[in-house]
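Have a look at my_file-v1.txt; it's compact mmCIF, C-alpha atoms:
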```txt
# COMPACT_ATOMS: atom_id res chain seq x y z
CA MET A 17 68.21 104.75 101.74
CA LYS A 18 70.53 101.77 101.14
CA ALA A 19 73.21 103.36 103.31
CA PHE A 20 70.63 104.01 106.04
CA ILE A 21 69.47 100.38 106.02
CA LYS A 22 73.08 99.17 106.08
CA ALA A 23 73.81 101.39 109.07
CA LEU A 24 70.91 99.88 110.99
CA LYS A 25 72.64 96.49 110.80
CA HIS A 26 75.52 97.81 112.91
CA PRO A 27 74.00 98.87 116.27
CA ILE A 28 77.29 99.91 117.85
CA PHE A 29 77.85 102.70 115.34
CA THR A 30 74.33 103.36 114.11
CA THR A 31 73.25 105.97 116.65
CA SER A 32 76.51 107.89 116.65
CA THR A 33 76.76 107.77 112.85
CA LEU A 34 73.23 109.07 112.30
CA ILE A 35 73.62 111.81 114.92
CA THR A 36 77.01 112.86 113.52
CA TYR A 37 75.55 112.91 110.01
CA LEU A 38 73.08 115.55 111.21
CA ILE A 39 75.76 117.48 113.09
CA MET A 40 77.96 117.52 109.97
CA TYR A 41 75.17 118.72 107.72
CA ASN A 42 77.06 121.90 106.84
CA ASP A 43 80.11 119.86 105.75
CA ILE A 44 77.95 117.60 103.63
CA ARG A 45 76.17 120.59 102.07
CA TYR A 46 79.53 122.23 101.33
CA ILE A 47 80.78 119.11 99.54
CA LYS A 48 77.62 118.65 97.50
CA ASN A 49 77.59 122.32 96.50
CA GLN A 50 81.24 122.11 95.43
CA LEU A 51 80.54 119.03 93.33
CA LYS A 52 77.63 120.78 91.65
CA THR A 53 79.98 123.52 90.45
CA LYS A 54 82.16 120.98 88.62
CA PHE A 55 79.73 118.26 87.53
CA SER A 56 76.50 118.48 85.60
CA GLU A 57 73.34 116.60 86.51
CA GLU A 58 74.10 114.26 83.64
CA ASP A 59 77.56 113.59 85.08
CA PHE A 60 76.04 112.61 88.42
CA LYS A 61 73.77 110.12 86.69
CA ARG A 62 76.34 108.59 84.33
CA TYR A 63 79.65 108.66 86.18
CA SER A 64 81.22 107.84 89.50
CA ILE A 65 82.61 110.99 91.08
CA GLY A 66 84.47 109.26 93.89
CA ALA A 67 81.64 108.67 96.37
CA SER A 68 78.98 110.98 97.73
CA ALA A 69 78.96 112.52 101.16
CA GLY A 70 76.90 110.14 103.26
CA LEU A 71 76.81 107.72 106.18
CA LYS A 72 79.86 105.77 105.01
CA GLU A 73 82.05 108.85 105.03
CA VAL A 74 80.70 109.91 108.41
CA ALA A 75 81.47 106.43 109.79
CA LEU A 76 85.04 106.82 108.51
CA TYR A 77 85.25 110.19 110.23
CA LEU A 78 84.07 108.62 113.50
CA LEU A 79 86.63 105.83 113.28
CA VAL A 80 89.44 108.38 112.91
CA ARG A 81 88.05 110.32 115.85
CA LYS A 82 87.79 107.15 117.96
CA TYR A 83 91.16 105.52 117.24
CA LYS A 84 93.14 108.79 116.95
CA PRO A 85 95.73 107.41 114.50
CA LYS A 86 99.08 109.15 114.21
CA LEU A 87 99.68 108.00 110.65
CA ILE A 88 97.06 107.04 108.05
CA VAL A 89 97.74 105.84 104.53
CA GLU A 90 94.92 106.15 102.00
CA THR A 91 94.91 104.86 98.43
CA GLY A 92 92.49 106.51 96.02
CA VAL A 93 91.51 110.15 96.37
CA ALA A 94 89.62 111.25 93.24
CA ASN A 95 87.71 114.42 94.12
CA GLY A 96 88.52 113.98 97.80
CA ILE A 97 85.24 113.36 99.62
CA SER A 98 86.52 110.65 101.97
CA THR A 99 89.81 112.54 102.28
CA TYR A 100 87.88 115.58 103.49
CA PHE A 101 86.29 113.63 106.35
CA VAL A 102 89.57 111.98 107.36
CA LEU A 103 91.45 115.27 107.43
CA LYS A 104 88.70 117.04 109.34
CA ALA A 105 88.81 114.27 111.95
CA LEU A 106 92.60 114.59 112.26
CA HIS A 107 92.23 118.37 112.55
CA LEU A 108 89.81 117.97 115.44
CA ASN A 109 92.01 115.29 117.01
CA GLY A 110 94.80 117.85 117.06
CA SER A 111 97.42 115.49 115.70
CA GLY A 112 98.11 112.91 113.01
CA LYS A 113 99.11 112.76 109.35
CA LEU A 114 97.44 111.43 106.21
CA ILE A 115 99.46 110.12 103.27
CA SER A 116 97.18 109.84 100.24
CA ILE A 117 98.12 108.03 97.05
CA ASP A 118 96.22 108.67 93.84
CA TYR A 119 96.66 107.81 90.17
CA PRO A 120 94.13 110.30 88.79
CA ASN A 121 91.85 109.51 85.88
CA TYR A 122 90.82 112.55 83.81
CA ASN A 123 88.94 110.60 81.18
CA LYS A 124 85.14 110.57 81.43
CA GLY A 125 85.19 107.29 79.59
CA GLY A 126 86.89 105.73 82.59
CA TYR A 127 89.92 103.48 82.70
CA ILE A 128 90.41 99.76 82.36
CA THR A 129 91.51 97.95 85.52
CA SER A 130 94.09 95.17 85.61
CA GLU A 131 91.19 92.71 85.38
CA GLY A 132 89.75 94.31 82.26
CA LYS A 133 86.82 96.05 83.94
CA ILE A 134 85.92 99.70 83.40
CA ASP A 135 86.08 102.06 86.37
CA ASN A 136 84.46 105.40 85.52
CA THR A 137 85.65 107.39 88.52
CA TYR A 138 87.17 110.61 87.19
CA ILE A 139 88.04 114.18 88.08
CA PRO A 140 87.85 117.25 85.83
CA LYS A 141 91.04 117.87 83.85
CA ASP A 142 91.73 121.27 85.37
CA LEU A 143 91.71 119.99 88.97
CA GLN A 144 94.06 118.04 91.23
CA PRO A 145 93.04 114.97 93.24
CA GLY A 146 91.41 116.05 96.48
CA TRP A 147 90.55 119.51 95.16
CA ILE A 148 87.48 119.59 97.36
CA VAL A 149 89.54 119.65 100.59
CA PRO A 150 89.75 123.23 101.94
CA LYS A 151 93.09 124.77 102.88
CA ILE A 152 92.35 124.67 106.61
CA TYR A 153 92.63 120.85 106.62
CA ARG A 154 95.67 120.48 104.35
CA ASP A 155 98.45 120.99 106.89
CA MET A 156 98.25 117.31 107.91
CA TRP A 157 98.12 116.01 104.33
CA ASP A 158 100.80 114.49 102.12
CA LEU A 159 99.44 113.77 98.63
CA ARG A 160 101.54 111.49 96.42
CA LEU A 161 100.64 110.91 92.77
CA GLY A 162 101.23 107.53 91.17
CA LYS A 163 100.17 103.90 91.40
CA SER A 164 99.93 102.36 94.85
CA SER A 165 102.01 99.41 93.62
CA ASP A 166 104.89 101.84 93.01
CA ILE A 167 104.48 104.15 96.00
CA LEU A 168 103.48 101.85 98.88
CA PRO A 169 106.76 99.86 98.85
CA LYS A 170 108.64 103.15 99.34
CA ILE A 171 106.79 103.88 102.59
CA LYS A 172 108.81 102.27 105.37
CA MET A 173 107.00 103.76 108.36
CA SER A 174 104.61 101.96 110.67
CA LEU A 175 101.04 103.21 110.51
CA ASP A 176 97.89 103.09 112.59
CA MET A 177 95.22 103.10 109.88
CA PHE A 178 94.99 102.10 106.24
CA ILE A 179 92.16 102.97 103.84
CA HIS A 180 91.85 101.16 100.52
CA ASP A 181 89.84 103.03 97.89
CA SER A 182 91.92 102.71 94.72
CA GLU A 183 91.48 100.17 91.92
CA HIS A 184 89.05 97.54 93.17
CA SER A 185 90.55 94.58 91.37
CA TYR A 186 91.19 91.44 93.40
CA SER A 187 94.95 91.54 92.83
CA ASN A 188 95.31 95.22 93.76
CA MET A 189 93.06 94.99 96.80
CA MET A 190 94.91 91.94 98.11
CA PHE A 191 98.28 93.59 97.49
CA GLU A 192 97.28 96.71 99.41
CA LEU A 193 95.65 94.83 102.28
CA LYS A 194 98.70 92.60 102.76
CA TRP A 195 100.98 95.63 102.62
CA ALA A 196 98.88 97.36 105.26
CA LEU A 197 98.92 94.35 107.58
CA ALA A 198 102.71 94.17 107.33
CA HIS A 199 102.95 97.82 108.43
CA ILE A 200 100.38 97.85 111.23
CA LYS A 201 101.00 96.22 114.61
CA LYS A 202 97.90 97.63 116.22
CA GLY A 203 95.41 99.70 114.27
CA VAL A 204 92.65 99.66 111.67
CA ILE A 205 92.29 98.60 108.04
CA ILE A 206 89.35 99.97 106.04
CA CYS A 207 88.31 98.60 102.65
CA ASP A 208 85.91 100.70 100.60
CA ASP A 209 83.74 98.87 98.07
CA ALA A 210 84.73 95.57 99.67
CA ASP A 211 81.83 93.88 97.88
CA GLN A 212 83.48 94.32 94.47
CA ASN A 213 85.12 90.89 94.83
CA ASN A 214 86.27 88.38 97.47
CA ALA A 215 89.62 90.00 98.27
CA PHE A 216 88.63 91.49 101.63
CA ARG A 217 86.80 88.34 102.66
CA ASP A 218 89.76 86.14 101.72
CA PHE A 219 92.15 88.52 103.47
CA ILE A 220 90.19 88.20 106.71
CA LYS A 221 90.09 84.40 106.45
CA GLU A 222 93.84 84.22 105.88
CA ASN A 223 94.59 86.47 108.86
CA LYS A 224 91.71 85.72 111.23
CA ASP A 225 94.06 85.23 114.19
CA VAL A 226 95.11 88.90 114.18
CA LEU A 227 92.01 90.62 112.77
CA ARG A 228 88.73 91.57 114.40
CA THR A 229 85.80 92.88 112.39
CA ILE A 230 84.64 96.42 113.18
CA ARG A 231 80.88 96.70 113.42
CA ALA A 232 80.27 99.88 111.46
CA PRO A 233 78.54 100.81 108.18
CA ILE A 234 81.89 100.50 106.40
CA ALA A 235 84.07 97.42 105.90
CA GLY A 236 86.89 97.44 108.39
CA VAL A 237 88.97 95.35 110.78
CA GLU A 238 91.09 95.98 113.84
CA VAL A 239 94.62 94.63 113.74
CA CYS A 240 95.69 93.07 117.03
CA LYS A 241 99.06 91.34 116.68
```
Would you put the structure from the file into C-alpha cells?
Amino acid sequence: MKAFIKALKHPIFTTSTLITYLIMYNDIRYIKNQLKTKFSEEDFKRYSIGASAGLKEVALYLLVRKYKPKLIVETGVANGISTYFVLKALHLNGSGKLISIDYPNYNKGGYITSEGKIDNTYIPKDLQPGWIVPKIYRDMWDLRLGKSSDILPKIKMSLDMFIHDSEHSYSNMMFELKWALAHIKKGVIICDDADQNNAFRDFIKENKDVLRTIRAPIAGVEVCK
C-alpha cells in the first residue's frame, strides 16, 4: 500500500508503472515463488531479503526500457530481485550490459555498516548473489564480487545508468554517487533507499546544475552535462 501511495505522487510514471505491474504479474509471481523456496515465513518477517517484487522494481524496469542504456553499473545484488528486472529490460531492449557489484552477506544476523548500523540483508549460504535471475537473462550480465570501494575505481568505461543499492551509509552512498557522476555524461543515476540518510539529497544540491530529478516512484536523477 505504501508503494502504491508513493506511486500516485508521481503522475508521469504512475499509470505506466501500475499497468506494467499487472502485465508483469507472471514475473512477480515467479520471483515470490522462488523466494518462498529459500526463505521461511519467519525469515520474511524478521529479515531483509533484498527487496520484494513491487512497484519500485517495475519503475526501474520502465526506466531501463525508456532510456535504453548501453552500460549499467549496479551496486548491491543480494538475491537479485532488482537485477532480474534490469536484465529483463535489457533483454527486451535487445542490447546493453549490466555490471553488478556485490559483497554478499551470508549471516542471518546481518553485518555492521561503516557507520555502526546493522543491515540484515542476506542470502542463503548455498547460493550466489543474483541466484533468482534465470539463465535466459544472464548473457548481458557481468557479476563482480567484492566491495564497491575496491571494484568501482577499476571500471574505466563511461556508462549510461548507475544504480546504488549497496551499503546505505552516508559515506558509501556519497562515494558511489560521485563516482557515477564522474563516469556519466548523459544518463541516469538511481539511488535505492535514498531516505536512509541525506547523502542523495546533498548530492543533488552539490550538483544541481547538471542533475534533473526524475518523477518516478524511485529516487533518480538525469545527468545532463
Which is closer to Ile179 of chain A than all the others in A:Tyr138, A:Tyr46, A:Tyr119, A:Trp195, using only C-alpha atoms? A:Trp195
For atom CA of Ile234 of chain A and atom CA of Asp166 of chain A, quote the distance in Å rounded to one decimal.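 Atom CA of Ile234 of chain A sits 26.6 Å away from atom CA of Asp166 of chain A.
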Between atom CA of Leu87 of chain A and atom CA of Thr36 of chain A, what is the distance in Å, rounded to a tenth?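 Between atom CA of Leu87 of chain A and atom CA of Thr36 of chain A the gap is 23.4 Å.
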Option closest in space to Leu108 of chain A, from A:Arg160, A:His184, A:Lys141, A:Lys82 [counting only C-alpha atoms]: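 Result for the nearest residue to Leu108 of chain A: A:Lys82.
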Option closest in space to Phe101 of chain A, from A:Ile35, A:Leu143, A:Ile134, A:Ile148 [counting only C-alpha atoms]: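 With only C-alpha atoms as the atom set, the closest residue is A:Ile148.
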Put the listed atoms of segment 132-148 of chain A in a box along x, y and z with 4 Å added on every side and give me the centre and edge lengths in Å to one decimal, as JSON.
```
{"center_x": 89.3, "center_y": 107.8, "center_z": 89.8, "size_x": 17.6, "size_y": 35.0, "size_z": 23.1}
```
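Take the candidates A:Met190, A:Ala232, A:Ser111, A:Val237 and check each one against Leu34 of chain A using only C-alpha atoms; the shortest distance goes to A:Ala232.
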Residue contacts of Thr33 of chain A (9 Å, all atoms listed in the file) excluding same-chain residues fewer than 2 positions away, as a short mmCIF file (atom, residue, chain, number, x, y, z; two decimals) with C-alpha atoms, in the coordinates of the input:
```cif
data_model
loop_
_atom_site.label_atom_id
_atom_site.label_comp_id
_atom_site.auth_asym_id
_atom_site.auth_seq_id
_atom_site.Cartn_x
_atom_site.Cartn_y
_atom_site.Cartn_z
CA ALA A 23 73.81 101.39 109.07
CA PHE A 29 77.85 102.70 115.34
CA THR A 30 74.33 103.36 114.11
CA THR A 31 73.25 105.97 116.65
CA ILE A 35 73.62 111.81 114.92
CA THR A 36 77.01 112.86 113.52
CA TYR A 37 75.55 112.91 110.01
CA LEU A 38 73.08 115.55 111.21
CA LEU A 71 76.81 107.72 106.18
CA LYS A 72 79.86 105.77 105.01
CA VAL A 74 80.70 109.91 108.41
CA ALA A 75 81.47 106.43 109.79
CA LEU A 78 84.07 108.62 113.50
CA ALA A 232 80.27 99.88 111.46
CA PRO A 233 78.54 100.81 108.18
#
```
Selected residue of minimal separation from Ile200 of chain A among A:Tyr186, A:Leu168, A:Thr99, A:Val239, counting only C-alpha atoms: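 Among A:Tyr186, A:Leu168, A:Thr99, A:Val239, it is A:Val239 that comes nearest to Ile200 of chain A.
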Within-7 Å shell of (91.2, 112.7, 118.8) in input frame, only C-alpha atoms, as an NGL selection string: :A and (81-82 or 84 or 106 or 108-110)
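Checking A:Thr91, A:Gln50, A:Asn188, A:Ser130 one by one against Leu114 of chain A, counting all atoms listed in the file, you find the shortest gap at A:Thr91.
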Correct to one decimal, the distance atom CA of Asp208 of chain A-atom CA of Gly125 of chain A is 22.0 Å
Which residues, written as a compact mmCIF listing (two decimals) with C-alpha atoms, in the coordinates of the input, have at least one atom at most 9 Å from Pro140 of chain A, with all atoms listed in the file counted and residues fewer than 3 positions away on the same chain left out?
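New file selection_4.txt:
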```txt
# COMPACT_ATOMS: atom_id res chain seq x y z
CA LYS A 54 82.16 120.98 88.62
CA PHE A 55 79.73 118.26 87.53
CA ASN A 95 87.71 114.42 94.12
CA ASN A 121 91.85 109.51 85.88
CA TYR A 122 90.82 112.55 83.81
CA ASN A 123 88.94 110.60 81.18
CA LYS A 124 85.14 110.57 81.43
CA LEU A 143 91.71 119.99 88.97
CA GLN A 144 94.06 118.04 91.23
```
Which residues come within 12 Å of Arg217 of chain A, counting all atoms listed in the file, excluding same-chain residues fewer than 5 positions away, as an MDAnalysis selection string? chainID A and resid 186 189:190 193 207 209:212 222:224 227 229 235:237
For segment 148-159 of chain A, which lacks atoms in the input, supply all heavy atoms and format the output as a compact mmCIF listing (two decimals), in the frame of the given file.
```txt
# COMPACT_ATOMS: atom_id res chain seq x y z
N ILE A 148 88.60 119.15 96.54
CA ILE A 148 87.48 119.59 97.36
C ILE A 148 87.88 119.88 98.81
O ILE A 148 87.13 120.50 99.57
CB ILE A 148 86.35 118.54 97.31
CG1 ILE A 148 84.98 119.20 97.48
CG2 ILE A 148 86.55 117.43 98.35
CD1 ILE A 148 83.83 118.29 97.10
N VAL A 149 89.08 119.45 99.21
CA VAL A 149 89.54 119.65 100.59
C VAL A 149 89.97 121.10 100.79
O VAL A 149 90.86 121.58 100.08
CB VAL A 149 90.71 118.72 100.94
CG1 VAL A 149 91.19 118.97 102.37
CG2 VAL A 149 90.32 117.25 100.75
N PRO A 150 89.37 121.83 101.73
CA PRO A 150 89.75 123.23 101.94
C PRO A 150 91.14 123.36 102.58
O PRO A 150 91.66 122.43 103.19
CB PRO A 150 88.66 123.74 102.89
CG PRO A 150 88.16 122.53 103.59
CD PRO A 150 88.26 121.41 102.60
N LYS A 151 91.73 124.52 102.42
CA LYS A 151 93.09 124.77 102.88
C LYS A 151 93.26 124.52 104.37
O LYS A 151 94.32 124.06 104.82
CB LYS A 151 93.48 126.22 102.55
CG LYS A 151 94.93 126.56 102.85
CD LYS A 151 95.26 127.97 102.41
CE LYS A 151 96.71 128.30 102.69
NZ LYS A 151 97.04 129.70 102.25
N ILE A 152 92.24 124.79 105.16
CA ILE A 152 92.35 124.67 106.61
C ILE A 152 92.70 123.25 107.06
O ILE A 152 93.27 123.05 108.13
CB ILE A 152 91.03 125.13 107.28
CG1 ILE A 152 91.21 125.22 108.79
CG2 ILE A 152 89.88 124.20 106.91
CD1 ILE A 152 90.00 125.79 109.52
N TYR A 153 92.38 122.24 106.24
CA TYR A 153 92.63 120.85 106.62
C TYR A 153 93.86 120.25 105.93
O TYR A 153 94.15 119.06 106.10
CB TYR A 153 91.41 119.99 106.29
CG TYR A 153 90.15 120.40 107.02
CD1 TYR A 153 88.92 120.36 106.37
CD2 TYR A 153 90.19 120.83 108.34
CE1 TYR A 153 87.75 120.75 107.04
CE2 TYR A 153 89.04 121.22 109.00
CZ TYR A 153 87.83 121.18 108.34
OH TYR A 153 86.68 121.56 108.99
N ARG A 154 94.58 121.03 105.16
CA ARG A 154 95.67 120.48 104.35
C ARG A 154 97.02 120.41 105.04
O ARG A 154 97.97 119.84 104.49
CB ARG A 154 95.80 121.28 103.05
CG ARG A 154 94.63 121.06 102.09
CD ARG A 154 94.73 121.91 100.85
NE ARG A 154 93.63 121.60 99.93
CZ ARG A 154 93.79 120.98 98.76
NH1 ARG A 154 95.00 120.62 98.37
NH2 ARG A 154 92.74 120.74 97.99
N ASP A 155 97.15 120.98 106.23
CA ASP A 155 98.45 120.99 106.89
C ASP A 155 98.87 119.60 107.39
O ASP A 155 100.06 119.39 107.70
CB ASP A 155 98.46 121.99 108.06
CG ASP A 155 97.39 121.69 109.10
OD1 ASP A 155 96.38 121.06 108.74
OD2 ASP A 155 97.58 122.07 110.27
N MET A 156 97.93 118.67 107.47
CA MET A 156 98.25 117.31 107.91
C MET A 156 98.24 116.32 106.75
O MET A 156 98.16 115.11 106.96
CB MET A 156 97.24 116.86 108.99
CG MET A 156 97.29 117.66 110.27
SD MET A 156 96.05 117.12 111.47
CE MET A 156 96.53 118.07 112.90
N TRP A 157 98.33 116.83 105.52
CA TRP A 157 98.12 116.01 104.33
C TRP A 157 99.35 115.94 103.46
O TRP A 157 99.98 116.95 103.15
CB TRP A 157 96.96 116.60 103.54
CG TRP A 157 96.44 115.72 102.44
CD1 TRP A 157 96.51 114.35 102.37
CD2 TRP A 157 95.74 116.15 101.27
NE1 TRP A 157 95.89 113.90 101.23
CE2 TRP A 157 95.41 115.00 100.53
CE3 TRP A 157 95.37 117.39 100.78
CZ2 TRP A 157 94.72 115.05 99.33
CZ3 TRP A 157 94.67 117.45 99.59
CH2 TRP A 157 94.36 116.29 98.87
N ASP A 158 99.70 114.74 103.04
CA ASP A 158 100.80 114.49 102.12
C ASP A 158 100.23 113.70 100.94
O ASP A 158 99.98 112.50 101.04
CB ASP A 158 101.89 113.69 102.82
CG ASP A 158 103.08 113.36 101.92
OD1 ASP A 158 103.06 113.76 100.73
OD2 ASP A 158 104.02 112.68 102.39
N LEU A 159 100.01 114.39 99.81
CA LEU A 159 99.44 113.77 98.63
C LEU A 159 100.55 113.33 97.69
O LEU A 159 101.41 114.12 97.30
CB LEU A 159 98.52 114.76 97.90
CG LEU A 159 97.95 114.30 96.55
CD1 LEU A 159 97.07 113.06 96.71
CD2 LEU A 159 97.16 115.43 95.89
```
